[in-house]
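The block underneath contains the structure these notes are about, expressed in structure tokens.
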Amino acid sequence: MNSSRTEIDKWFIEGTLASDDAATPEVWEAIFDPDRQLVRTKIGPYGKLFLRPEGFVKRFYHQVYPLPVENWVITRQIKLYDGFCTIDVTLDIRFQATLKYALSNMDILSDINKHIKTTYKDLLINLVDKELLNLSDGAWVQKGVSDIEKKIALAVSEMLILQNIQSQTLCTLKPSFEEFPDVQLAQESVYLCVLKKSFEFNEAKREELFRQEQDLENQKIEHKQKQLEQLNRDAEMERLKQAQEAANKKLLLEEKEKQLLEQFEIEKRLHAEKIRHDNSLKEIALEAELQEQQKREARLRAAEQAIQTESLAHQAKRLDFEQRQKQLEFEADLKSRQRHLEMQKESYNSRQESDIYLRGEIELLELEKQRLELQLAIKNAKKQQSSG
């Protein structure tokens with residue numbers, strides 16, 4: 001419960017700051033004069049007090065008292081609703097004494113700002129206590145503390161200006177809540193407001209977490225699918241490349257074979273011309289030898305072509321086996337992530353059911369409150385009838 005309270009307190013403070021940024025600030029605009037000084041003239045029994053004018057030249061009969069602009073920070077901690085709520089208060093006050101205030105306090109001109117802080121500190125603390133102790137219900141828990149901060153800052157500035165002290169005040173309130181106590185009638189409204197806000201905050205946080213997890217899983221699945229598609233495209237390109245290389249090698253072999261045949265025919269004609277005048281037996285023997293050589297070369301070319309064809313087929317089979325193995329691995333990983341996504345959805349549905357139970361508990365608390373209020377009203381009515 002402590003961690004939940006910390007989250008709610010953090011939300012409350014950050015939510016208040018966000019609303020302050022969005023709204024038009026209501027600030028008492030004071031016009032300060034950082035060069036404001038009081039000049040006291042004394043010649044014999046005669047004296048005069050006035051603000052230092054421009055171009056003033058100090059003489060021996062002058063005594064100058066600065067009226068500086070000063071920042072004054074007051075901190076305060078207030079506990080409400082039997083200690084259920086603690087509010088840390090910070091008043092950041094920028095102030096400067098006016099001529100009228102200085103004239104009313106001529107005996108402390110040399111330390112006028114210290115006198116102001118000593119005189120009005122308790123009054124300002126009482127003003128803050130009065131404003132915060134009047135928070136009788138929990139409506140401000142839903143709306144935030146922005147309006148209360150502005151009201152206190154304005155009240156502080158008004159109090160000081162009525163005392164002839166120029167000021168500009170910024171009030172900061174930081175509420176925090178203890179663990180939920182046993183519900184008591186005096187603080188039941190505040191308890192319900194905080195409980196509702198806690199439930200709304202946690203529900204929104206779970207929704208956002210679930211959405212982020214779903215987006216992440218969907219992105220991972222989409223990335224895997226794209227990888228699988230790219231792998232298939234790469235495999236197809238590799239198969240086309242292998243097929244093209246095989247076709248090119250076949251064309252080269254066929255071209256080489258054609259060249260060898262042409263070369264053989266040329267050599268055959270040249271050789272025939274050379275031995276044309278040889279006797280017929282030698283010619284027949286040579287013809288037989290040439291034919292045998294042609295058969296041997298043809299068998300050799302056929303064997304080379306068969307070896308290369310078998311090598312290409314083996315490479316294609318190995319490529320298909322590797323592609324199938326990678327595809328099976330990606331499909332297994334994809335199915336695993338889809339199952340994980342289904343389990344997350346089931347977990348989310350179970351959390352939704354527990355949230356429905358919590359809503360029911362809140363509604364029962366509100367009905368119990370209405371029943372107690374009705375009993376109290378009936379009891380008061382009976383008292384009035386008996387006294388009448």
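Chains: A, B, ... in order of the structure tokens. Residues: from 1 per chain. Ligands: from 1, in order shown.
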
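Residues in contact with A:Ile74 at up to 9 Å, not including ones fewer than 6 positions away on its chain and judged by only C-alpha atoms, are Val89, Thr90, Leu91, Asp92, Ile93, Lys121, Leu124 and Ile125 of chain A.
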
Next on the checklist: Quick check for you: according to DSSP on this backbone, which residues of stretch 20-132 of chain A are classed as strand (DSSP E or B)? Reply as a PyMOL selection string.
Outcome noted: chain A and resi 37-43+46-51+62-66+70-80+85-97

Next on the checklist: I'd like the contact shell of stretch 311-317 of chain A - 10 Å cut-off, only C-alpha atoms, skipping same-chain residues fewer than 4 positions apart - returned as a PyMOL selection string.
Outcome noted: chain A and resi 238-239+242-243+245-246+305-307+321-323

Output N, CA, C and O atoms of each residue in that selection to a file, as a CSV table (one decimal), in the first residue's frame.
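For reference, selection-v7.csv as written:
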```
chain,number,residue,atom,x,y,z
A,238,GLU,N,19.0,-16.3,-54.3
A,238,GLU,CA,20.1,-17.2,-54.3
A,238,GLU,C,19.8,-18.3,-55.3
A,238,GLU,O,20.7,-18.7,-56.1
A,239,ARG,N,18.6,-18.8,-55.3
A,239,ARG,CA,18.2,-19.9,-56.2
A,239,ARG,C,18.3,-19.4,-57.7
A,239,ARG,O,18.8,-20.1,-58.5
A,242,GLN,N,21.9,-19.2,-58.6
A,242,GLN,CA,22.5,-20.5,-58.8
A,242,GLN,C,22.1,-21.0,-60.2
A,242,GLN,O,22.9,-21.6,-61.0
A,243,ALA,N,20.8,-20.8,-60.5
A,243,ALA,CA,20.3,-21.3,-61.8
A,243,ALA,C,20.9,-20.6,-62.9
A,243,ALA,O,21.2,-21.2,-64.0
A,245,GLU,N,23.9,-19.1,-62.9
A,245,GLU,CA,25.3,-19.6,-63.0
A,245,GLU,C,25.4,-20.9,-63.7
A,245,GLU,O,26.3,-21.2,-64.5
A,246,ALA,N,24.4,-21.8,-63.3
A,246,ALA,CA,24.4,-23.2,-64.0
A,246,ALA,C,24.2,-23.0,-65.5
A,246,ALA,O,24.8,-23.7,-66.3
A,305,GLN,N,30.7,-32.8,-67.8
A,305,GLN,CA,29.4,-32.1,-67.7
A,305,GLN,C,28.5,-32.8,-66.7
A,305,GLN,O,27.8,-32.1,-65.9
A,306,ALA,N,28.6,-34.1,-66.6
A,306,ALA,CA,27.8,-34.9,-65.6
A,306,ALA,C,28.3,-34.5,-64.2
A,306,ALA,O,27.4,-34.4,-63.3
A,307,ILE,N,29.6,-34.4,-64.0
A,307,ILE,CA,30.1,-34.0,-62.7
A,307,ILE,C,29.6,-32.7,-62.2
A,307,ILE,O,29.2,-32.4,-61.1
A,321,PHE,N,17.6,-27.2,-48.1
A,321,PHE,CA,17.6,-27.8,-46.7
A,321,PHE,C,17.8,-26.7,-45.7
A,321,PHE,O,17.1,-26.5,-44.7
A,322,GLU,N,18.9,-25.8,-45.9
A,322,GLU,CA,19.2,-24.7,-45.0
A,322,GLU,C,18.0,-23.7,-44.9
A,322,GLU,O,17.7,-23.2,-43.8
A,323,GLN,N,17.4,-23.4,-46.1
A,323,GLN,CA,16.3,-22.5,-46.1
A,323,GLN,C,15.1,-23.0,-45.3
A,323,GLN,O,14.4,-22.3,-44.5
```

Extract, using only C-alpha atoms, all DNA, RNA and protein residues at most 10 Å from A:Gln225, discarding same-chain residues fewer than 5 positions from it, and format them as a PDB file with C-alpha atoms, in the first residue's frame.
```pdb
ATOM      1  CA  GLN A 219       6.451  -4.778 -33.271  1.00  0.00           C
ATOM      2  CA  LYS A 220       8.563  -7.848 -32.487  1.00  0.00           C
ATOM      3  CA  GLN A 230      13.404 -11.051 -46.365  1.00  0.00           C
ATOM      4  CA  LEU A 231      14.933 -14.479 -45.799  1.00  0.00           C
ATOM      5  CA  PHE A 330      11.265 -18.548 -37.513  1.00  0.00           C
ATOM      6  CA  GLU A 331       7.843 -20.222 -37.537  1.00  0.00           C
ATOM      7  CA  LEU A 334       6.571 -16.707 -34.203  1.00  0.00           C
TER       8      LEU A 334
END
```

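Taking atom CA of A:Leu154 and atom CA of A:Leu38 as endpoints, the distance between them is 28.1 Å.
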
Item to check | Nearest candidate to A:Lys268 (options A:Val128, A:Leu290, A:Ala97, A:Ala247; using only C-alpha atoms) | outcome: A:Leu290

Next on the checklist: Let's see if you can do this: from backbone DSSP, list all alpha helix (DSSP H) residues in stretch 107-258 of chain A, as number ranges by chain.
Outcome noted: A: 112-133, 139-143, 146-162, 188-258

Give me, as a PDB file with all heavy atoms, in the first residue's frame, all polymer residues having an atom no more than 8 Å from A:Leu67, counting only C-alpha atoms and skipping those fewer than 4 positions away in the same chain.
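Result file follows (around.pdb):
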```pdb
ATOM      1  N   ASP A  35      16.255  50.097  -6.494  1.00  0.00           N
ATOM      2  CA  ASP A  35      17.087  51.235  -6.069  1.00  0.00           C
ATOM      3  C   ASP A  35      16.380  52.125  -5.052  1.00  0.00           C
ATOM      4  O   ASP A  35      16.829  53.251  -4.792  1.00  0.00           O
ATOM      5  CB  ASP A  35      17.490  52.067  -7.295  1.00  0.00           C
ATOM      6  CG  ASP A  35      18.340  51.267  -8.265  1.00  0.00           C
ATOM      7  OD1 ASP A  35      19.146  50.445  -7.782  1.00  0.00           O
ATOM      8  OD2 ASP A  35      18.194  51.457  -9.481  1.00  0.00           O
ATOM      9  N   ARG A  36      15.290  51.625  -4.490  1.00  0.00           N
ATOM     10  CA  ARG A  36      14.539  52.459  -3.539  1.00  0.00           C
ATOM     11  C   ARG A  36      15.364  52.676  -2.271  1.00  0.00           C
ATOM     12  O   ARG A  36      15.819  51.718  -1.639  1.00  0.00           O
ATOM     13  CB  ARG A  36      13.212  51.793  -3.193  1.00  0.00           C
ATOM     14  CG  ARG A  36      12.337  52.622  -2.255  1.00  0.00           C
ATOM     15  CD  ARG A  36      11.033  51.884  -1.966  1.00  0.00           C
ATOM     16  NE  ARG A  36      10.267  51.699  -3.196  1.00  0.00           N
ATOM     17  CZ  ARG A  36       9.214  50.887  -3.281  1.00  0.00           C
ATOM     18  NH1 ARG A  36       8.825  50.179  -2.233  1.00  0.00           N
ATOM     19  NH2 ARG A  36       8.563  50.781  -4.416  1.00  0.00           N
ATOM     20  N   GLN A  37      15.550  53.964  -1.923  1.00  0.00           N
ATOM     21  CA  GLN A  37      16.305  54.329  -0.726  1.00  0.00           C
ATOM     22  C   GLN A  37      15.593  55.486  -0.019  1.00  0.00           C
ATOM     23  O   GLN A  37      14.934  56.321  -0.654  1.00  0.00           O
ATOM     24  CB  GLN A  37      17.740  54.745  -1.067  1.00  0.00           C
ATOM     25  CG  GLN A  37      18.584  53.598  -1.618  1.00  0.00           C
ATOM     26  CD  GLN A  37      19.993  54.046  -1.957  1.00  0.00           C
ATOM     27  OE1 GLN A  37      20.268  55.232  -2.126  1.00  0.00           O
ATOM     28  NE2 GLN A  37      20.901  53.091  -2.062  1.00  0.00           N
ATOM     29  N   LEU A  38      15.740  55.528   1.281  1.00  0.00           N
ATOM     30  CA  LEU A  38      15.130  56.569   2.096  1.00  0.00           C
ATOM     31  C   LEU A  38      16.240  57.517   2.568  1.00  0.00           C
ATOM     32  O   LEU A  38      17.282  57.066   3.059  1.00  0.00           O
ATOM     33  CB  LEU A  38      14.420  55.939   3.296  1.00  0.00           C
ATOM     34  CG  LEU A  38      13.347  56.769   3.977  1.00  0.00           C
ATOM     35  CD1 LEU A  38      12.198  57.028   3.015  1.00  0.00           C
ATOM     36  CD2 LEU A  38      12.809  56.037   5.208  1.00  0.00           C
ATOM     37  N   GLN A  96       9.089  44.218  -0.439  1.00  0.00           N
ATOM     38  CA  GLN A  96       9.851  45.458  -0.295  1.00  0.00           C
ATOM     39  C   GLN A  96       9.005  46.456   0.492  1.00  0.00           C
ATOM     40  O   GLN A  96       7.813  46.629   0.217  1.00  0.00           O
ATOM     41  CB  GLN A  96      10.224  46.047  -1.667  1.00  0.00           C
ATOM     42  CG  GLN A  96      11.111  47.287  -1.573  1.00  0.00           C
ATOM     43  CD  GLN A  96      11.472  47.821  -2.951  1.00  0.00           C
ATOM     44  OE1 GLN A  96      10.718  47.658  -3.905  1.00  0.00           O
ATOM     45  NE2 GLN A  96      12.619  48.475  -3.047  1.00  0.00           N
ATOM     46  N   ALA A  97       9.603  47.096   1.466  1.00  0.00           N
ATOM     47  CA  ALA A  97       8.893  48.102   2.267  1.00  0.00           C
ATOM     48  C   ALA A  97       8.637  49.354   1.438  1.00  0.00           C
ATOM     49  O   ALA A  97       9.469  49.773   0.631  1.00  0.00           O
ATOM     50  CB  ALA A  97       9.709  48.442   3.516  1.00  0.00           C
ATOM     51  N   THR A  98       7.459  49.970   1.647  1.00  0.00           N
ATOM     52  CA  THR A  98       7.112  51.223   0.971  1.00  0.00           C
ATOM     53  C   THR A  98       7.539  52.411   1.837  1.00  0.00           C
ATOM     54  O   THR A  98       7.930  52.273   2.998  1.00  0.00           O
ATOM     55  CB  THR A  98       5.608  51.287   0.706  1.00  0.00           C
ATOM     56  OG1 THR A  98       4.917  51.292   1.973  1.00  0.00           O
ATOM     57  CG2 THR A  98       5.149  50.082  -0.114  1.00  0.00           C
ATOM     58  N   ILE A 112      15.028  46.995   8.487  1.00  0.00           N
ATOM     59  CA  ILE A 112      13.581  47.015   8.298  1.00  0.00           C
ATOM     60  C   ILE A 112      13.032  45.682   7.793  1.00  0.00           C
ATOM     61  O   ILE A 112      11.953  45.246   8.194  1.00  0.00           O
ATOM     62  CB  ILE A 112      13.191  48.176   7.354  1.00  0.00           C
ATOM     63  CG1 ILE A 112      11.678  48.410   7.425  1.00  0.00           C
ATOM     64  CG2 ILE A 112      13.672  47.928   5.928  1.00  0.00           C
ATOM     65  CD1 ILE A 112      11.255  49.698   6.757  1.00  0.00           C
ATOM     66  N   ASN A 113      13.783  44.962   6.917  1.00  0.00           N
ATOM     67  CA  ASN A 113      13.283  43.689   6.377  1.00  0.00           C
ATOM     68  C   ASN A 113      13.233  42.608   7.457  1.00  0.00           C
ATOM     69  O   ASN A 113      12.303  41.793   7.495  1.00  0.00           O
ATOM     70  CB  ASN A 113      14.158  43.226   5.215  1.00  0.00           C
ATOM     71  CG  ASN A 113      13.843  43.977   3.939  1.00  0.00           C
ATOM     72  OD1 ASN A 113      12.939  44.800   3.911  1.00  0.00           O
ATOM     73  ND2 ASN A 113      14.601  43.724   2.883  1.00  0.00           N
TER      74      ASN A 113
END
```

Item to check | Distance query stretch 51-53 of chain A at most 12 Å, only C-alpha atoms, self and fewer than 3 positions along chain excluded, as a ChimeraX atom specification | outcome: /A:33,35-41,48,56-58,62-67,97-100,102-103

Checklist entry - So how far away is atom CA of A:Ser167 from atom CA of A:Phe32, in Å? => result 8.3 Å
